[in-house]
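See structure below.
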Amino acid sequence: MKQILFLLAAIVFQINVFGQQYSLKGKVVNQNKIPVELVYASLLKNDSIMVKQAPTDSLGNFSISVEHGNYRLILEQFGTEFIRREIILTQNIDLGHIEINEAKELQGVTVSGRKKILEQKVDRLVFNVENSIAASGGTALDALKVTPTVRVQNDNVSIIGKGEVLVMIDDRLQRIPQEDLADFLKSIPSANIKSIEVITAPPAKYDAEGNSGLINIKLKSAKDNSWNANIGASYIQKTYAGGNLQGLFNYNHNKLSLQASVNKSEQKLLTTSNSQIFYTDELWNQEVKNKSKSDALSLGFGIDYKLTPKWTTGIKYLGSFTDKTSANNPLITRFNNTTAVVNSYIASGVDASNKPEMNSLNWYHSFSLDSSGKNITVDFDYFNYRKQDYSFFAGNELDAQSNAIQNTFFSSTNTNVNKIKNYSGKIDVSLPYKWANISFGTKISYTNTNNDLVVYNNQTGTPIQDNDQSNIFNYKEHNGALYFSTDKKLNSQWETQIGLRMEATQTEGYSKNLSQTNKNNYINLFPTAYVTYVPNENNSFSFNYSRRIRRPDFDYLNPFVIKTSPYYYSEGNPFLKPSFIDNLEFSFIRKQNWVNSLYFSQVSNFGQELAIVNPATNITKSTSLNYANTYQIGFSTYYNFKKWSWLNSVSGFNVNYQNVKSKINVVQSIDGYNGYIYTNNDFTLNKSKSVFLGLNYALQLPGRYQIFHISTMNMLDASMKFLLLNKNLSLTVIGEDLLNAQKPLIAYKSNGIKNNIKSYGDTRGFRVSVSYKFGNASLKSKQRNFGNDDERNRTVQ
């Protein structure tokens with residue numbers, strides 16, 4: 001009996017000891033003590049049998065639970081092995097900080113694997129542009145067009161289902177209106193982009209600006225002890241021919257780092273639009289063909305120098321110079337609603353030009369406090385913007401036989417000089433501890449805007465200055481911010497982060513013509529919270545909340561009245577207020593391939609530019625108004641299929657319900673659904689990985705967006721890429737909008753009057769690009785950014 005009891009006890013002991021799970025955890029940091037994400041920690045038995053694997057999270061932490069035993073630990077990322085260590089696991093082990101050299105090259109081993117084209121992180125989706133076929137040889141805007149979960153329509157950038165967002169360059173906001181943002185993005189070659197991050201819930205460190213998230217464009221840089229360069233050219237054929245030339249140079253050796261870039265482009269476009277206004281007695285049908293030409297030059301230069309082992313300083317300059325001209329001849333046909341015959345016409349001609357010039361200068365300092373990653377960064381920024389606008393229009397009303405009606409001639413010339421200066425400074429402090437990571441900081445900013453509008457009435461044949469419309473407007477804005485954030489990994493499964501940002505804003509706008517001054521003074525708090533639960537290496541759940549603000553663009557506050565015909569004019573609104581956005585999102589990620597999100601967003605005091613129709617006078621006024629409170633709830637999912645090495649496919653869809661509760665009589669409260677389906681596919685066609693095919697398709701389903709109903713729209717692009725001369729020479733051929741189907745019909749009501757707009761942005765065409773890279777690009781360097789890019793974003797071109 002004793003022998004049996006002893007045997008049972010031994011069996012129980014064996015089960016308890018060898019069946020018990022022990023945890024192995026650690027924190028991976030690079031040579032700069034910065035946490036490294038997506039380093040895979042693998043435990044192997046018998047040197048080759050994989051037991052378990054887990055990636056590091058956004059804080060560099062990993063945790064693996066396995067049974068008692070002897071293992072080999074390997075840390076690797078994208079085919080590069082950093083650590084190989086023998087582990088005897090008889091208890092829970094915390095390896096603490098594990099420092100790796102991200103630039104490490106394996107002795108005697110050539111790593112030829114390509115980096116993942118898509119990476120899903122805790123708070124963002126990362127699209128590695130350098131591995132995308134369709135983005136090759138294009139611009140930043142072209143790269144955004146093929147970024148999963150991002151939508152670009154008529155050069156407007158948005159996150160699918162969540163509306164327009166703001167764009168960052170290397171973690172700094174570019175608060176530029178959508179039209180001008182597109183021109184800026186077109187000046188950045190895609191060859192200079194490392195990755196694009198889609199951030200739906202930015203932490204407190206980022207400015208609170210941005211509707212439902214941010215898009216962060218990360219630029220390439222030189223690598224340690226190396227230099228590299230890239231030169232390229234593109235030919236673009238749409239209705240007219242265009243093209244660009246670009247060059248990039250990076251140098252990083254010892255204490256000195258240099259970056260320089262240049263891009264010169266020219267493009268002509270023929271855009272068309274057809275719109276109808278359904279008045280009670282008449283249907284007004286307007287047709288416009290607009291020929292435009294844009295010549296753009298962008299320059300960039302940066303220098304960093306390591307003064308001491310713990311102090312690095314540098315200067316960065318960015319310049320953008322654009323010359324845009326356009327000409328069109330709008331024709332309005334007025335139909336009798338009862339008989340459908342033509343009552344009359346309104347014919348006009350418009351010539352316009354503008355020359356925006358932007359210069360930004362940043363002075364940067366980084367102080368390392370110790371070897372654990374504690375550091376302080378300081379930025380001082382100066383931004384200068386100047387734009388000259390010119391427009392001339394003239395026209396007549398015509399009878400049904402196209403004869404000029406007496407005393408209906410109209411003509412005007414408008415000139416405007418817009419000057420903006422911004423000064424800002426900010427300090428960011430990062431203090432990583434074993435028990436938690438702490439960060440806090442402050443930012444101050446001052447902006448001074450001056451507009452000088454001169455209007456000439458040409459109806460008599462001699463230009464006469466119109467003092468009622470000419471105006472001088474000055475706008476000043478002070479912004480101050482404080483933020484605090486902390487994150488902590490509670491255990492191997494739970495991670496949390498909370499933050500709070502306070503922003504104080506004081507504004508003053510003065511109109512000389514109106515003798516009117518408008519002031520605003522407000523302080524707001526913007527909390528953020530994140531909770532992540534990872535039950536195992538295959539599944540993760542997360543919940544986040546963020547509150548954000550959308551301040552009016554500088555130009556929208558300008559009370560100028562600018563007429564382009566007797567029946568249409570635009571007017572700024574100095575009383576426009578900011579909008580506030582509350583975002584909630586719950587996400588489930590399966591094996592880093594299948595990502596699902598359920599989201600809710602509520603906007604108070606929603607502001608937007610509206611075309612307000614007056615049925616009594618047939619005059620349309622375009623102005624910005626805070627006209628509604630809105631909310632939406634939606635579901636988004638995408639799957640990254642990568643079972644085969646020769647195919648990378650990302651397919652997904654989004655569906656949401658939107659509710660708009662109007663606060664004014666001009667538009668009515670409305671609700672409805674919309675949906676969007678897309679698939680992006682990259683094929684590797686040969687074993688040497690030098691020939692690639694890309695096919696991208698998207699379908700906009702008919703539905704409701706804000707107060708607008710949007711019809712079905714299809715988008716199909718195809719591309720081929722060839723790598724030659726030891727893969728240093730790249731040749732790309734891309735066909736865009738092959739179905740010629742990016743012509744959505746947009747319908748809405750203003751003052752009860754139905755409006756239809758159907759426009760085409762000259763999107764169909766093809767692009768042939770060639771680029772050559774040379775130099776030593778084996779190691780990685782640090783890239784810096786501007787500290788006042790959020791203010792620069794609010795300029796209007």
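Identifiers for the structure tokens are assigned positionally: chains receive A, B, ... in sequence, residues are indexed from 1 per chain, and ligands are indexed from 1 in the order shown.
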
Residue contacts of region 348-364 of chain A (7 Å, only C-alpha atoms) excluding same-chain residues fewer than 5 positions away, as a PyMOL selection string: chain A and resi 313-331+378-396+786-787+797

Name all residues at most 6 Å from Ile589 (chain A) (count only C-alpha atoms; drop same-chain ones fewer than 5 positions away) and give them as a PDB file with N, CA and C atoms, in the first residue's frame.
ATOM      1  N   ASN A 539      -4.590  35.910 -30.908  1.00  0.00           N
ATOM      2  CA  ASN A 539      -5.746  36.777 -30.769  1.00  0.00           C
ATOM      3  C   ASN A 539      -5.422  37.976 -29.880  1.00  0.00           C
ATOM      4  N   SER A 540      -6.008  39.093 -30.196  1.00  0.00           N
ATOM      5  CA  SER A 540      -5.886  40.267 -29.338  1.00  0.00           C
ATOM      6  C   SER A 540      -7.160  41.106 -29.440  1.00  0.00           C
ATOM      7  N   TRP A 594      -6.283  39.193 -39.753  1.00  0.00           N
ATOM      8  CA  TRP A 594      -7.701  39.530 -39.847  1.00  0.00           C
ATOM      9  C   TRP A 594      -8.009  40.575 -38.789  1.00  0.00           C
ATOM     10  N   VAL A 595      -8.364  41.770 -39.214  1.00  0.00           N
ATOM     11  CA  VAL A 595      -8.578  42.898 -38.306  1.00  0.00           C
ATOM     12  C   VAL A 595     -10.027  43.362 -38.409  1.00  0.00           C
TER      13      VAL A 595
END

Neighbour list for Tyr748 (chain A) as a ChimeraX atom specification, cut-off 9 Å, only C-alpha atoms, skip fewer than 3 positions in-chain: /A:667,707-709,753-757

With N, CA and C atoms retained, export the selected residues as an mmCIF file, in the first residue's frame.
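The new file part.cif reads:
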data_model
loop_
_atom_site.group_PDB
_atom_site.id
_atom_site.type_symbol
_atom_site.label_atom_id
_atom_site.label_comp_id
_atom_site.auth_asym_id
_atom_site.auth_seq_id
_atom_site.Cartn_x
_atom_site.Cartn_y
_atom_site.Cartn_z
ATOM 1 N N VAL A 667 -30.500 73.249 -44.121
ATOM 2 C CA VAL A 667 -30.475 71.817 -44.414
ATOM 3 C C VAL A 667 -31.331 71.090 -43.389
ATOM 4 N N ILE A 707 -24.733 65.109 -45.311
ATOM 5 C CA ILE A 707 -26.017 65.489 -45.912
ATOM 6 C C ILE A 707 -26.102 65.072 -47.374
ATOM 7 N N PHE A 708 -25.081 64.382 -47.868
ATOM 8 C CA PHE A 708 -24.983 64.067 -49.293
ATOM 9 C C PHE A 708 -25.343 62.602 -49.569
ATOM 10 N N HIS A 709 -26.019 62.383 -50.694
ATOM 11 C CA HIS A 709 -26.216 61.028 -51.204
ATOM 12 C C HIS A 709 -25.239 60.815 -52.350
ATOM 13 N N ILE A 753 -34.295 72.974 -51.897
ATOM 14 C CA ILE A 753 -34.030 72.872 -53.336
ATOM 15 C C ILE A 753 -33.024 71.751 -53.581
ATOM 16 N N LYS A 754 -33.361 70.833 -54.476
ATOM 17 C CA LYS A 754 -32.474 69.711 -54.790
ATOM 18 C C LYS A 754 -31.324 70.163 -55.668
ATOM 19 N N ASN A 755 -30.116 69.674 -55.339
ATOM 20 C CA ASN A 755 -28.901 69.950 -56.115
ATOM 21 C C ASN A 755 -28.232 68.633 -56.486
ATOM 22 N N ASN A 756 -27.796 68.542 -57.732
ATOM 23 C CA ASN A 756 -27.016 67.396 -58.200
ATOM 24 C C ASN A 756 -25.671 67.873 -58.723
ATOM 25 N N ILE A 757 -24.614 67.120 -58.419
ATOM 26 C CA ILE A 757 -23.278 67.431 -58.941
ATOM 27 C C ILE A 757 -22.630 66.131 -59.410
#

Spatial neighbours of Trp646 (chain A), 12 Å, only C-alpha atoms, chain gap at least 3 places, as a PyMOL selection string: chain A and resi 114+641-643+649+681-694

Based on the selection just made, write N, CA and C atoms of those residues as a tab-separated table (two decimals), in the first residue's frame.
chain	number	residue	atom	x	y	z
A	114	ARG	N	11.85	40.32	-47.98
A	114	ARG	CA	11.23	41.64	-48.05
A	114	ARG	C	10.44	41.90	-46.78
A	641	PHE	N	-4.23	38.38	-46.78
A	641	PHE	CA	-3.94	37.01	-47.21
A	641	PHE	C	-2.48	36.93	-47.66
A	642	LYS	N	-1.69	36.12	-46.99
A	642	LYS	CA	-0.27	35.99	-47.33
A	642	LYS	C	0.20	34.54	-47.15
A	643	LYS	N	-0.67	33.61	-47.56
A	643	LYS	CA	-0.35	32.20	-47.42
A	643	LYS	C	0.77	31.81	-48.38
A	649	SER	N	-2.23	39.96	-50.45
A	649	SER	CA	-3.54	40.49	-50.78
A	649	SER	C	-4.20	41.06	-49.53
A	681	ASN	N	-3.88	43.90	-54.36
A	681	ASN	CA	-3.16	42.64	-54.57
A	681	ASN	C	-1.82	42.90	-55.25
A	682	ASP	N	-0.76	42.35	-54.65
A	682	ASP	CA	0.59	42.41	-55.22
A	682	ASP	C	1.07	40.99	-55.50
A	683	PHE	N	1.47	40.73	-56.74
A	683	PHE	CA	1.94	39.41	-57.15
A	683	PHE	C	3.43	39.47	-57.48
A	684	THR	N	4.20	38.49	-56.99
A	684	THR	CA	5.61	38.33	-57.37
A	684	THR	C	5.65	37.27	-58.47
A	685	LEU	N	6.14	37.63	-59.65
A	685	LEU	CA	5.98	36.77	-60.82
A	685	LEU	C	7.19	35.89	-61.13
A	686	ASN	N	8.32	36.09	-60.45
A	686	ASN	CA	9.47	35.21	-60.71
A	686	ASN	C	10.22	34.92	-59.42
A	687	LYS	N	11.07	33.90	-59.48
A	687	LYS	CA	11.79	33.45	-58.29
A	687	LYS	C	12.80	34.48	-57.79
A	688	SER	N	13.37	35.24	-58.69
A	688	SER	CA	14.36	36.23	-58.28
A	688	SER	C	13.72	37.49	-57.70
A	689	LYS	N	12.40	37.52	-57.66
A	689	LYS	CA	11.66	38.64	-57.10
A	689	LYS	C	12.08	39.96	-57.75
A	690	SER	N	11.98	39.97	-59.07
A	690	SER	CA	12.33	41.18	-59.81
A	690	SER	C	11.22	41.65	-60.74
A	691	VAL	N	10.15	40.87	-60.82
A	691	VAL	CA	9.00	41.25	-61.65
A	691	VAL	C	7.74	41.13	-60.79
A	692	PHE	N	6.95	42.21	-60.76
A	692	PHE	CA	5.78	42.25	-59.89
A	692	PHE	C	4.57	42.79	-60.65
A	693	LEU	N	3.41	42.32	-60.24
A	693	LEU	CA	2.14	42.77	-60.79
A	693	LEU	C	1.25	43.25	-59.65
A	694	GLY	N	0.58	44.38	-59.86
A	694	GLY	CA	-0.35	44.89	-58.86
A	694	GLY	C	-1.73	45.12	-59.45

Phe766 (chain A) surroundings by only C-alpha atoms, 9 Å radius, close-in-sequence under 3 positions cut, as a ChimeraX atom specification: /A:235-238,733-738

Residues within 6 Å of region 246-255 of chain A, only C-alpha atoms, excluding chain neighbours under 3 positions, as a list in words: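 Surrounding residues, per the criterion: Ala222, Asp224, Asn225, Ser226, Trp227, Asn228, Ala229, Asn230, Ile231, Gly232, Leu258, Gln259, Ala260, Ser261, Val262, Asn263, Tyr305 and Lys306 of chain A.
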
Based on the selection just made, write C-alpha atoms of those residues as a PDB file, in the first residue's frame.
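Output below, filename result_16.pdb:
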ATOM      1  CA  ALA A 222      20.214  57.638 -44.238  1.00  0.00           C
ATOM      2  CA  ASP A 224      24.375  54.644 -39.823  1.00  0.00           C
ATOM      3  CA  ASN A 225      27.796  55.034 -41.398  1.00  0.00           C
ATOM      4  CA  SER A 226      26.457  55.149 -44.925  1.00  0.00           C
ATOM      5  CA  TRP A 227      25.117  57.302 -47.714  1.00  0.00           C
ATOM      6  CA  ASN A 228      22.470  56.639 -50.298  1.00  0.00           C
ATOM      7  CA  ALA A 229      20.847  58.446 -53.184  1.00  0.00           C
ATOM      8  CA  ASN A 230      17.932  57.998 -55.539  1.00  0.00           C
ATOM      9  CA  ILE A 231      17.185  59.747 -58.798  1.00  0.00           C
ATOM     10  CA  GLY A 232      14.063  59.241 -60.859  1.00  0.00           C
ATOM     11  CA  LEU A 258      22.599  65.108 -43.820  1.00  0.00           C
ATOM     12  CA  GLN A 259      19.411  64.876 -45.867  1.00  0.00           C
ATOM     13  CA  ALA A 260      18.533  66.654 -49.101  1.00  0.00           C
ATOM     14  CA  SER A 261      15.682  66.254 -51.578  1.00  0.00           C
ATOM     15  CA  VAL A 262      14.296  68.002 -54.646  1.00  0.00           C
ATOM     16  CA  ASN A 263      11.195  67.397 -56.737  1.00  0.00           C
ATOM     17  CA  TYR A 305      25.046  66.815 -35.400  1.00  0.00           C
ATOM     18  CA  LYS A 306      25.794  64.880 -32.236  1.00  0.00           C
TER      19      LYS A 306
END
